[in-house]
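Visitor: First the structure, which I've put down as structure tokens, then a few questions once you've had a look.
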Amino acid sequence: MADMKTGAFKHDNMLPPKSSLVMPLFSLKGRTAIVSGAGAGIGLAIAHAFGRAYQVNVTTWETVQAAVDEIVKEFDGRLDVFVANSGIAWEEGSFIDGSLETMQKVLKVNVDGTLYCARAAALHWRRQKKEGSTIDGKQLENFSYGSFVCTASMSGHICNIPQMQTVYNASKAAVIHACKSLAVEWVGFARANSVSPGYIKTDISSFVSPETKKLFKDRIPMGREGEPEELKGVYLYLASDASSYTTGTDIIVDGGYCAP
């Protein structure tokens with residue numbers, strides 16, 4: 001964290017990895033990764049890419065903290081990566097015509113759930129960096145810094161056309177900026193980044209009609225939706241030491257939608 005009087009950061013507070021070879025930097029061997037929302041779609045693709053990842057329910061702080069602590073306890077007493085991928089869509093059209101109950105549900109899962117995950121993970125990373133050990137006192141091996149990756153959306157950058165989804169867009173803009181802010185707060189023990197997918201073939205967009213899909217495909221330079229598997233690379237990059245100098249960043253993967 002910066003000195004609150006001067007705004008200056010401590011020099012050399014996060015060092016680069018020792019390996020100069022490329023492929024070892026992408027390895028998650030011996031590391032524990034948790035992926036929320038890993039049951040299908042993007043989350044499932046991420047879990048497959050990581051090889052070993054565990055799910056967590058994000059509905060309340062208590063359930064998140066309990067799940068994270070239990071997973072860490074069960075698997076090597078350590079945590080290296082957390083991907084906050086849980087999210088739900090807004091399907092009720094105009095904000096003023098939709099229900100406030102749905103608004104609260106979308107914000108609770110997309111914003112509160114992400115922050116719960118960030119908090120639960122960071123408590124472990126801060127302790128691990130300070131003590132250099134697992135929760136059962138064993139020396140940590142191959143741990144540099146924690147990596148928090150949040151699934152945001154290009155909707156946090158633009159207003160989708162022709163959908164009306166103000167609440168969803170606002171929720172994704174919130175978590176993009178949350179990751180930027182956490183990156184500053186966590187210097188010294190963890191990195192925080194987000195990924196902003198465009199239109200991806202998942203259940204979260206299954207309610208969209210073929211007519212609407214045609215309209216948004218007209219606005220994608222690549223002319224199609226993305227496949228969940230096409231996101232594996234960016235998540236692996238951010239989770240691994242390959243992105244050791246990347247923090248507070250949002251990476252848009254949208255087939256060029258935001259480019260024009």
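Letters for chains follow the order of the structure tokens (A, B, ...), residue numbers begin at 1 for each chain, and ligand numbers begin at 1 in the order shown.
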Just want the 12 Å neighbourhood of A:Gly43, counted on only C-alpha atoms, with same-chain residues fewer than 6 positions away dropped. Output as a ChimeraX atom specification.

Guide: /A:34-37,49-50,53-56,82-87,149-151,200,202-204,228-229,231-232,235

Visitor: Just the residues within 10 Å of A:Ser94, please, counting only C-alpha atoms, with nothing from its chain fewer than 5 positions along; format it as a PDB file with N, CA, C and O atoms, in the first residue's frame.

Guide:
```
ATOM      1  N   SER A  99     -37.885  -5.427 -11.886  1.00  0.00           N
ATOM      2  CA  SER A  99     -38.143  -5.469 -10.448  1.00  0.00           C
ATOM      3  C   SER A  99     -36.906  -5.084  -9.651  1.00  0.00           C
ATOM      4  O   SER A  99     -35.776  -5.396 -10.031  1.00  0.00           O
ATOM      5  N   GLN A 163     -29.722  -4.729 -26.253  1.00  0.00           N
ATOM      6  CA  GLN A 163     -30.220  -5.102 -24.928  1.00  0.00           C
ATOM      7  C   GLN A 163     -30.269  -3.901 -23.987  1.00  0.00           C
ATOM      8  O   GLN A 163     -29.424  -3.015 -24.048  1.00  0.00           O
ATOM      9  N   MET A 164     -31.238  -3.938 -23.081  1.00  0.00           N
ATOM     10  CA  MET A 164     -31.293  -2.966 -21.994  1.00  0.00           C
ATOM     11  C   MET A 164     -30.948  -3.719 -20.714  1.00  0.00           C
ATOM     12  O   MET A 164     -31.707  -4.580 -20.267  1.00  0.00           O
ATOM     13  N   GLN A 165     -29.808  -3.412 -20.147  1.00  0.00           N
ATOM     14  CA  GLN A 165     -29.328  -4.177 -18.984  1.00  0.00           C
ATOM     15  C   GLN A 165     -28.463  -3.299 -18.083  1.00  0.00           C
ATOM     16  O   GLN A 165     -27.333  -3.641 -17.737  1.00  0.00           O
ATOM     17  N   THR A 166     -29.016  -2.178 -17.697  1.00  0.00           N
ATOM     18  CA  THR A 166     -28.293  -1.196 -16.892  1.00  0.00           C
ATOM     19  C   THR A 166     -27.684  -1.799 -15.631  1.00  0.00           C
ATOM     20  O   THR A 166     -26.522  -1.520 -15.293  1.00  0.00           O
ATOM     21  N   VAL A 167     -28.454  -2.620 -14.923  1.00  0.00           N
ATOM     22  CA  VAL A 167     -27.974  -3.169 -13.654  1.00  0.00           C
ATOM     23  C   VAL A 167     -26.771  -4.090 -13.884  1.00  0.00           C
ATOM     24  O   VAL A 167     -25.763  -4.011 -13.170  1.00  0.00           O
TER      25      VAL A 167
END
```

Visitor: What is the distance between atom CA of A:Thr32 and atom CA of A:Gly233, in Å to one decimal?

Guide: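 So the answer is 17.9 Å.
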
Visitor: Of the candidates A:Gly93, A:Ser144, A:Ile71, A:Ala192, which one gets nearest to A:Ala118 if we count only C-alpha atoms?

Guide: A:Ala192

Visitor: Please provide as a JSON list (two decimals) with N, CA and C atoms, in the first residue's frame all residues within 10 Å of A:Val187, with the sequence filter that same-chain residues fewer than 5 positions apart are discarded (counting only C-alpha atoms).

Guide:
```json
[["chain", "number", "residue", "atom", "x", "y", "z"],
["A", 1, "MET", "N", 0.85, -1.19, 0.00],
["A", 1, "MET", "CA", 0.00, 0.00, 0.00],
["A", 1, "MET", "C", 0.89, 1.24, 0.00],
["A", 2, "ALA", "N", 0.42, 2.29, -0.64],
["A", 2, "ALA", "CA", 1.19, 3.52, -0.70],
["A", 2, "ALA", "C", 1.19, 4.23, 0.64],
["A", 9, "PHE", "N", 4.85, 4.59, -3.24],
["A", 9, "PHE", "CA", 4.90, 3.16, -2.96],
["A", 9, "PHE", "C", 6.31, 2.74, -2.60],
["A", 10, "LYS", "N", 6.41, 1.71, -1.76],
["A", 10, "LYS", "CA", 7.70, 1.16, -1.40],
["A", 10, "LYS", "C", 8.35, 0.55, -2.64],
["A", 13, "ASN", "N", 8.69, -3.83, -4.05],
["A", 13, "ASN", "CA", 7.89, -4.58, -3.08],
["A", 13, "ASN", "C", 7.30, -5.86, -3.64],
["A", 14, "MET", "N", 7.37, -6.05, -4.96],
["A", 14, "MET", "CA", 6.94, -7.30, -5.59],
["A", 14, "MET", "C", 7.97, -7.67, -6.66],
["A", 126, "ARG", "N", -2.24, -12.74, 2.38],
["A", 126, "ARG", "CA", -1.50, -11.86, 3.28],
["A", 126, "ARG", "C", -0.78, -12.67, 4.35],
["A", 145, "TYR", "N", 3.17, -14.75, -5.11],
["A", 145, "TYR", "CA", 2.12, -13.84, -4.66],
["A", 145, "TYR", "C", 0.78, -14.45, -5.06],
["A", 182, "LEU", "N", -8.13, -2.99, -5.57],
["A", 182, "LEU", "CA", -7.51, -4.05, -4.79],
["A", 182, "LEU", "C", -6.05, -4.25, -5.17],
["A", 192, "ALA", "N", -4.26, -8.35, -8.57],
["A", 192, "ALA", "CA", -5.70, -8.39, -8.87],
["A", 192, "ALA", "C", -5.94, -7.87, -10.28],
["A", 247, "THR", "N", -0.95, -6.14, -12.92],
["A", 247, "THR", "CA", -1.91, -6.00, -11.83],
["A", 247, "THR", "C", -2.72, -4.73, -12.03]]
```

Visitor: Let's see if you can do this: from backbone DSSP, list all strand (DSSP E or B) residues in stretch 86-177 of chain A, as a PyMOL selection string.

Guide: chain A and resi 133+139+146-151

Visitor: Counting only C-alpha atoms, figure out which residue out of A:Arg31, A:Ser205, A:Ala47, A:Val58 gets nearest to A:Leu115.

Guide: A:Val58

Visitor: Would you mind writing down, as a ChimeraX atom specification, each residue of stretch 14-147 of chain A that DSSP on the backbone assigns to helix (DSSP H, G or I)?

Guide: /A:22-25,41-50,61-74,95-97,100-131

Visitor: Could you save the residues just selected, with C-alpha atoms, as a PDB file, in the first residue's frame?

Guide:
```
ATOM      1  CA  VAL A  22       8.540 -18.982 -20.927  1.00  0.00           C
ATOM      2  CA  MET A  23       6.663 -22.251 -20.412  1.00  0.00           C
ATOM      3  CA  PRO A  24       7.512 -22.727 -16.702  1.00  0.00           C
ATOM      4  CA  LEU A  25       6.019 -19.296 -16.022  1.00  0.00           C
ATOM      5  CA  GLY A  41     -19.639 -22.122 -19.336  1.00  0.00           C
ATOM      6  CA  ILE A  42     -16.629 -19.888 -18.756  1.00  0.00           C
ATOM      7  CA  GLY A  43     -15.987 -21.193 -15.246  1.00  0.00           C
ATOM      8  CA  LEU A  44     -15.919 -24.810 -16.376  1.00  0.00           C
ATOM      9  CA  ALA A  45     -13.481 -23.955 -19.176  1.00  0.00           C
ATOM     10  CA  ILE A  46     -11.231 -22.176 -16.653  1.00  0.00           C
ATOM     11  CA  ALA A  47     -11.314 -25.141 -14.283  1.00  0.00           C
ATOM     12  CA  HIS A  48     -10.312 -27.469 -17.136  1.00  0.00           C
ATOM     13  CA  ALA A  49      -7.442 -25.152 -18.059  1.00  0.00           C
ATOM     14  CA  PHE A  50      -6.109 -25.072 -14.515  1.00  0.00           C
ATOM     15  CA  TRP A  61     -19.758 -13.758   3.258  1.00  0.00           C
ATOM     16  CA  GLU A  62     -20.106 -16.651   5.705  1.00  0.00           C
ATOM     17  CA  THR A  63     -20.524 -19.281   2.980  1.00  0.00           C
ATOM     18  CA  VAL A  64     -17.615 -17.886   0.987  1.00  0.00           C
ATOM     19  CA  GLN A  65     -15.249 -17.698   3.947  1.00  0.00           C
ATOM     20  CA  ALA A  66     -16.215 -21.183   5.154  1.00  0.00           C
ATOM     21  CA  ALA A  67     -15.810 -22.718   1.680  1.00  0.00           C
ATOM     22  CA  VAL A  68     -12.449 -21.076   1.012  1.00  0.00           C
ATOM     23  CA  ASP A  69     -11.082 -22.026   4.430  1.00  0.00           C
ATOM     24  CA  GLU A  70     -12.286 -25.618   3.999  1.00  0.00           C
ATOM     25  CA  ILE A  71     -10.754 -25.950   0.527  1.00  0.00           C
ATOM     26  CA  VAL A  72      -7.445 -24.519   1.717  1.00  0.00           C
ATOM     27  CA  LYS A  73      -7.459 -26.869   4.701  1.00  0.00           C
ATOM     28  CA  GLU A  74      -8.234 -29.906   2.543  1.00  0.00           C
ATOM     29  CA  PHE A  95     -34.413  -0.741 -15.594  1.00  0.00           C
ATOM     30  CA  ILE A  96     -37.471   1.292 -14.621  1.00  0.00           C
ATOM     31  CA  ASP A  97     -39.764  -1.553 -15.714  1.00  0.00           C
ATOM     32  CA  LEU A 100     -36.038  -4.072  -7.629  1.00  0.00           C
ATOM     33  CA  GLU A 101     -35.775  -7.594  -6.239  1.00  0.00           C
ATOM     34  CA  THR A 102     -33.993  -8.717  -9.407  1.00  0.00           C
ATOM     35  CA  MET A 103     -31.743  -5.659  -9.234  1.00  0.00           C
ATOM     36  CA  GLN A 104     -30.710  -6.587  -5.704  1.00  0.00           C
ATOM     37  CA  LYS A 105     -30.105 -10.211  -6.696  1.00  0.00           C
ATOM     38  CA  VAL A 106     -27.878  -9.254  -9.644  1.00  0.00           C
ATOM     39  CA  LEU A 107     -25.865  -6.809  -7.552  1.00  0.00           C
ATOM     40  CA  LYS A 108     -25.562  -9.275  -4.668  1.00  0.00           C
ATOM     41  CA  VAL A 109     -24.117 -12.039  -6.822  1.00  0.00           C
ATOM     42  CA  ASN A 110     -22.084  -9.952  -9.259  1.00  0.00           C
ATOM     43  CA  VAL A 111     -20.695  -7.311  -6.894  1.00  0.00           C
ATOM     44  CA  ASP A 112     -21.056  -8.533  -3.313  1.00  0.00           C
ATOM     45  CA  GLY A 113     -20.095 -12.083  -4.270  1.00  0.00           C
ATOM     46  CA  THR A 114     -16.949 -10.909  -6.039  1.00  0.00           C
ATOM     47  CA  LEU A 115     -15.881  -8.796  -3.069  1.00  0.00           C
ATOM     48  CA  TYR A 116     -16.560 -11.647  -0.647  1.00  0.00           C
ATOM     49  CA  CYS A 117     -14.295 -13.873  -2.731  1.00  0.00           C
ATOM     50  CA  ALA A 118     -11.594 -11.229  -2.875  1.00  0.00           C
ATOM     51  CA  ARG A 119     -11.664 -10.738   0.888  1.00  0.00           C
ATOM     52  CA  ALA A 120     -11.588 -14.454   1.727  1.00  0.00           C
ATOM     53  CA  ALA A 121      -8.703 -15.121  -0.654  1.00  0.00           C
ATOM     54  CA  ALA A 122      -6.652 -12.094   0.341  1.00  0.00           C
ATOM     55  CA  LEU A 123      -6.726 -13.037   4.023  1.00  0.00           C
ATOM     56  CA  HIS A 124      -4.870 -16.229   3.115  1.00  0.00           C
ATOM     57  CA  TRP A 125      -2.437 -14.519   0.767  1.00  0.00           C
ATOM     58  CA  ARG A 126      -1.501 -11.861   3.277  1.00  0.00           C
ATOM     59  CA  ARG A 127      -0.843 -14.487   5.937  1.00  0.00           C
ATOM     60  CA  GLN A 128       1.086 -16.745   3.549  1.00  0.00           C
ATOM     61  CA  LYS A 129       3.374 -13.913   2.466  1.00  0.00           C
ATOM     62  CA  LYS A 130       3.947 -12.777   6.034  1.00  0.00           C
ATOM     63  CA  GLU A 131       4.524 -16.204   7.582  1.00  0.00           C
TER      64      GLU A 131
END
```

Visitor: Record the distance separating atom CA of A:Asn160 and atom CA of A:Cys258, expressed in Å with one decimal.

Guide: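 Answer for the atom CA of A:Asn160 to atom CA of A:Cys258 separation: 10.1 Å.
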
Visitor: Work out how far atom CA of A:Thr60 is from atom CA of A:Ser196, in Å to one decimal.

Guide: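 According to the coordinates, atom CA of A:Ser196 and atom CA of A:Thr60 are separated by 24.0 Å.
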
Visitor: I'd like to know which of A:Gly39, A:Val195, A:Arg78, A:Ile176 is closest to A:Leu236, using only C-alpha atoms.

Guide: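 Checking each candidate against A:Leu236, we get A:Val195 as the closest.
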